[in-house]
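Reading through the structure tokens given below for one structure.
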Amino acid sequence: MPNRMETVTLSKINPTPAVLRTALQLDQAGLIKHEEIEALERVGERYSVAIPAGVVALMDPNDPEDPIAKQFVPDTAELDALDNELADPIGDHDHSPLPGLIHRYPDRVLLMPTLSCPVYCRYCFRRDRVGRNAAAPSSTDIDSAIAYIKDRKDIHEVILTGGDPLSLSDTRLGALLAQLSAVPHLNNLRIHTRVPVSLPSRVTDRLIKALRCDLPVWMVLHVNHSRELTTEVANTCERLTRGGIPLLSQSVLLKGVNADIETLSELFRRLIALKVKPYYLHHPDQAQGTARFRLSLEEGRAIFDALRGHLSGLCQPTYVVDIPEGYGKVAAQTAAIEQSDQEWRMKDFKGEIHRYEEI
Ligand code: SF4
């Protein structure tokens, strides 16, 4: 890592780019060890890397345990996938009737109009796909997906995800929402996004206008640590709320980032203060090269149990675990999940029991 003087000199030669994408840029920003450049270039070839300047500004390059850096700065450990880790941990492929569409539960579908994100999370369960534009669905694919939704009257909710749907241009997003609003049996739309937290400048008045359509649009913000909730993010939440968009949050329980009572309490309280209802706390998925983030289900349940005594019900999300290979979510604290003979057994929404092996 360069010392302070070297960092100043380098930054004069190479002004910090708006988004860090290469190992060389990460090195120049003092976020990685110089001797790891080559290995981290290989990580970048395998999994996408992008960190906007605003997120870089939240990191302390002198703290090797910085919870913001751990979420986004690539690590050489990503090259060592464990045998049981999965390229598609929640079974998207098996539940995808058409490109860009996932139909896992009867009443709702996921629509993925883009695979681009403002920032690439190192623990992402779609890390094999995100940022790979060649794999993104075409506009013809999206039209076919909308025709599929129109043909099925038992679908009542469309969840836009990706990638990050707010990576689309205002025009494309507005047109997509208008197409979906015209489907008579839809009840509401939901947008899962990291943009308001990781790239709040993207949330312009024009974008908020583009989100207005004839269906209620709920927005679920992805955020894992209270330090991500800056004044600019707070203002962005306020503008979205005033724009008529109810806000929820989803977080991932991550070892080394937020897996303790104090950090989670602070995060959820701050979210409620910003009028964002904590919705889901996800147990980390078994995605390739993400072992460093995983804690056991028993540890996760103990943390979540303890939260009950620390936080009002309003501040508490539902702690969920996705049954690997696409059988859906189960609440990690309920009777639908039980431990026997050193392994967990989980009941899916159809009543079928699945083994859950910790790795
Ligand atoms: S923003 Fe979501 S989809 Fe994109 S890298 Fe992060 S977790 Fe994955």
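We name chains A, B, ... following the order of the structure tokens; residues begin at 1 in each chain, and ligands are numbered from 1 as shown.
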
Around ligand 1, out to 10 Å and counting only C-alpha atoms and all ligand atoms, which residues are there? I want them as a PyMOL selection string.
chain A and resi 47-50+71-72+112+114-131+161-165+192-195+198+221-223+251-252

Take the residues from that selection and write them out as a compact mmCIF listing (two decimals), in the first residue's frame, keeping N, CA and C atoms.
```txt
# COMPACT_ATOMS: atom_id res chain seq x y z
N TYR A 47 -15.14 -12.24 -12.05
CA TYR A 47 -16.31 -11.59 -11.44
C TYR A 47 -16.17 -10.07 -11.61
N SER A 48 -17.29 -9.41 -11.95
CA SER A 48 -17.23 -7.97 -12.24
C SER A 48 -16.80 -7.15 -11.02
N VAL A 49 -16.12 -6.06 -11.32
CA VAL A 49 -15.67 -5.12 -10.27
C VAL A 49 -16.08 -3.71 -10.69
N ALA A 50 -16.73 -2.98 -9.82
CA ALA A 50 -16.99 -1.54 -10.04
C ALA A 50 -17.28 -0.94 -8.67
N GLN A 71 -17.19 -5.32 1.53
CA GLN A 71 -18.33 -5.63 0.66
C GLN A 71 -18.00 -5.51 -0.83
N PHE A 72 -17.05 -4.61 -1.17
CA PHE A 72 -16.91 -4.26 -2.59
C PHE A 72 -15.51 -4.43 -3.17
N MET A 112 -35.63 -9.39 -15.16
CA MET A 112 -34.27 -8.84 -15.07
C MET A 112 -33.93 -8.11 -16.38
N THR A 114 -31.76 -5.87 -17.01
CA THR A 114 -30.33 -5.54 -17.19
C THR A 114 -29.51 -6.39 -16.22
N LEU A 115 -28.26 -6.57 -16.56
CA LEU A 115 -27.34 -7.24 -15.63
C LEU A 115 -26.29 -6.27 -15.09
N SER A 116 -26.46 -4.98 -15.38
CA SER A 116 -25.50 -3.98 -14.88
C SER A 116 -25.87 -3.53 -13.47
N CYS A 117 -24.88 -3.25 -12.67
CA CYS A 117 -25.09 -2.71 -11.31
C CYS A 117 -24.19 -1.49 -11.13
N PRO A 118 -24.54 -0.58 -10.21
CA PRO A 118 -23.68 0.58 -9.97
C PRO A 118 -22.40 0.17 -9.26
N VAL A 119 -22.48 -0.93 -8.51
CA VAL A 119 -21.35 -1.42 -7.72
C VAL A 119 -21.51 -2.93 -7.71
N TYR A 120 -20.40 -3.67 -7.71
CA TYR A 120 -20.53 -5.14 -7.69
C TYR A 120 -20.13 -5.66 -6.31
N CYS A 121 -21.12 -6.31 -5.66
CA CYS A 121 -20.93 -6.80 -4.30
C CYS A 121 -20.17 -8.12 -4.36
N ARG A 122 -19.20 -8.28 -3.49
CA ARG A 122 -18.33 -9.47 -3.57
C ARG A 122 -19.07 -10.74 -3.15
N TYR A 123 -20.23 -10.62 -2.48
CA TYR A 123 -20.97 -11.78 -2.00
C TYR A 123 -22.17 -12.10 -2.88
N CYS A 124 -22.30 -11.40 -4.02
CA CYS A 124 -23.52 -11.49 -4.84
C CYS A 124 -23.83 -12.93 -5.27
N PHE A 125 -25.10 -13.33 -5.16
CA PHE A 125 -25.47 -14.69 -5.56
C PHE A 125 -25.65 -14.81 -7.08
N ARG A 126 -25.65 -13.67 -7.78
CA ARG A 126 -25.69 -13.73 -9.26
C ARG A 126 -24.35 -13.29 -9.83
N ARG A 127 -23.28 -13.52 -9.08
CA ARG A 127 -21.97 -13.00 -9.47
C ARG A 127 -21.45 -13.66 -10.73
N ASP A 128 -22.00 -14.81 -11.10
CA ASP A 128 -21.57 -15.46 -12.35
C ASP A 128 -22.12 -14.72 -13.56
N ARG A 129 -23.12 -13.85 -13.39
CA ARG A 129 -23.77 -13.18 -14.51
C ARG A 129 -23.67 -11.66 -14.51
N VAL A 130 -23.76 -11.03 -13.32
CA VAL A 130 -23.88 -9.57 -13.30
C VAL A 130 -22.66 -8.90 -13.92
N GLY A 131 -22.93 -7.83 -14.66
CA GLY A 131 -21.84 -7.09 -15.31
C GLY A 131 -21.41 -7.69 -16.62
N THR A 161 -35.48 -6.79 -11.03
CA THR A 161 -34.21 -7.00 -10.35
C THR A 161 -33.15 -7.16 -11.42
N GLY A 162 -32.01 -7.74 -11.07
CA GLY A 162 -30.98 -7.84 -12.12
C GLY A 162 -29.75 -8.56 -11.61
N GLY A 163 -28.68 -7.83 -11.83
CA GLY A 163 -28.41 -6.43 -12.14
C GLY A 163 -29.31 -5.45 -11.38
N ASP A 164 -29.14 -4.19 -11.69
CA ASP A 164 -29.91 -3.17 -11.01
C ASP A 164 -30.80 -2.46 -12.00
N PRO A 165 -32.13 -2.55 -11.83
CA PRO A 165 -33.05 -1.95 -12.80
C PRO A 165 -32.84 -0.45 -12.95
N HIS A 192 -35.98 -3.86 -6.92
CA HIS A 192 -34.87 -4.13 -6.00
C HIS A 192 -33.64 -3.42 -6.52
N THR A 193 -33.05 -2.58 -5.69
CA THR A 193 -31.97 -1.72 -6.21
C THR A 193 -30.95 -1.35 -5.14
N ARG A 194 -29.73 -1.13 -5.61
CA ARG A 194 -28.68 -0.59 -4.74
C ARG A 194 -28.38 0.87 -5.10
N VAL A 195 -28.97 1.35 -6.21
CA VAL A 195 -28.63 2.69 -6.70
C VAL A 195 -28.84 3.80 -5.66
N SER A 198 -25.85 3.38 -3.22
CA SER A 198 -24.47 3.35 -3.71
C SER A 198 -24.18 4.38 -4.79
N LEU A 221 -34.46 -1.24 -1.05
CA LEU A 221 -33.07 -0.78 -1.10
C LEU A 221 -32.14 -1.84 -0.51
N HIS A 222 -31.05 -2.09 -1.19
CA HIS A 222 -30.07 -3.04 -0.70
C HIS A 222 -29.00 -2.27 0.06
N VAL A 223 -28.87 -2.57 1.36
CA VAL A 223 -27.89 -1.87 2.20
C VAL A 223 -27.51 -2.78 3.37
N SER A 251 -31.05 -6.65 3.46
CA SER A 251 -29.63 -6.70 3.83
C SER A 251 -29.20 -8.15 3.83
N VAL A 252 -27.90 -8.36 3.71
CA VAL A 252 -27.34 -9.71 3.80
C VAL A 252 -26.51 -9.77 5.08
```

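Every protein, DNA or RNA residue with an atom at most 9 Å from Glu358 in chain A, where only C-alpha atoms count and chain neighbours fewer than 4 positions away do not, is listed here: Gln286, Ser296, Leu297, Glu343 and Trp344 of chain A.
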
Got time to write the residues from that selection, N, CA and C atoms, as a CSV table (one decimal), in the first residue's frame?
```csv
chain,number,residue,atom,x,y,z
A,286,GLN,N,-24.7,-19.7,-0.9
A,286,GLN,CA,-23.5,-20.5,-1.0
A,286,GLN,C,-22.9,-20.2,-2.4
A,296,SER,N,-22.5,-19.6,10.3
A,296,SER,CA,-23.4,-20.8,10.3
A,296,SER,C,-24.8,-20.3,10.6
A,297,LEU,N,-25.8,-21.1,10.3
A,297,LEU,CA,-27.2,-20.7,10.5
A,297,LEU,C,-27.4,-20.6,12.0
A,343,GLU,N,-27.6,-31.7,10.5
A,343,GLU,CA,-27.9,-31.0,9.3
A,343,GLU,C,-29.3,-30.4,9.4
A,344,TRP,N,-29.5,-29.4,8.6
A,344,TRP,CA,-30.8,-28.6,8.7
A,344,TRP,C,-31.7,-29.2,7.7
```

- Task: Skip Val217 in chain A itself and residues of its chain fewer than 4 positions away, then list as an NGL selection string all residues within 10 Å of it, counting only C-alpha atoms.
- Result: :A and (158-159 or 177 or 187-191 or 211-213 or 244-247)

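Between Val43 in chain A and the candidates A:Glu232, A:Asp75, A:Asp285, A:Glu352, the tightest atom-to-atom separation, counting only C-alpha atoms, involves A:Asp75.
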
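Once Ala69 in chain A and its same-chain neighbours fewer than 6 positions away are set aside, Leu31, Val55, Val56, Leu58, Met59, Asp60, Pro61 and Asp63 of chain A remain within 9 Å of it when counting only C-alpha atoms.
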
- Please run DSSP on the backbone and report, as a PyMOL selection string, all residues within range 157-354 of chain A that come out as helix (DSSP H, G or I). chain A and resi 165-167+170-181+195-198+200-202+205-210+226-228+231-242+261-273+291-293+297-310+313-315

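For range 246-294 of chain A, backbone-based DSSP assignment of strand (DSSP E or B) covers A:Leu247, A:Leu248, A:Ser249, A:Gln250, A:Ser251, A:Val252, A:Val276, A:Lys277, A:Pro278, A:Tyr279, A:Tyr280, A:Leu281, A:His282, A:Ala287.
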
Next on the checklist: Can you tell me which residues surround range 202-204 of chain A at a distance of at most 9 Å, considering only C-alpha atoms, apart from same-chain residues fewer than 5 positions away, and format the answer as a PyMOL selection string?
Outcome noted: chain A and resi 166-167+195-196+209+236+239-240

May I have the residues within 6 Å of range 315-317 of chain A as JSON, numbers by chain, using only C-alpha atoms and disregarding those fewer than 6 positions away in the same chain? {"A": [268, 269, 278, 279, 280, 281]}

What's around Lys347 in chain A at 12 Å? Count only C-alpha atoms, leave out sequence neighbours fewer than 5 positions away in its own chain, and write the answer as a ChimeraX atom specification. /A:321-323,327-332,334-339,352-356

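Here CA of Glu357 in chain A and CA of Asp305 in chain A stand 21.6 Å from one another.
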
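Between CA of Leu186 in chain A and CA of Pro99 in chain A the separation is 20.5 Å.
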
What separates CA of Asp107 in chain A and CA of Glu157 in chain A is a distance of 6.7 Å

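Shortest separation to Glu266 in chain A among A:Pro284, A:Glu65, A:Thr231, A:Leu307 occurs at residue A:Leu307, atoms counted being only C-alpha atoms.
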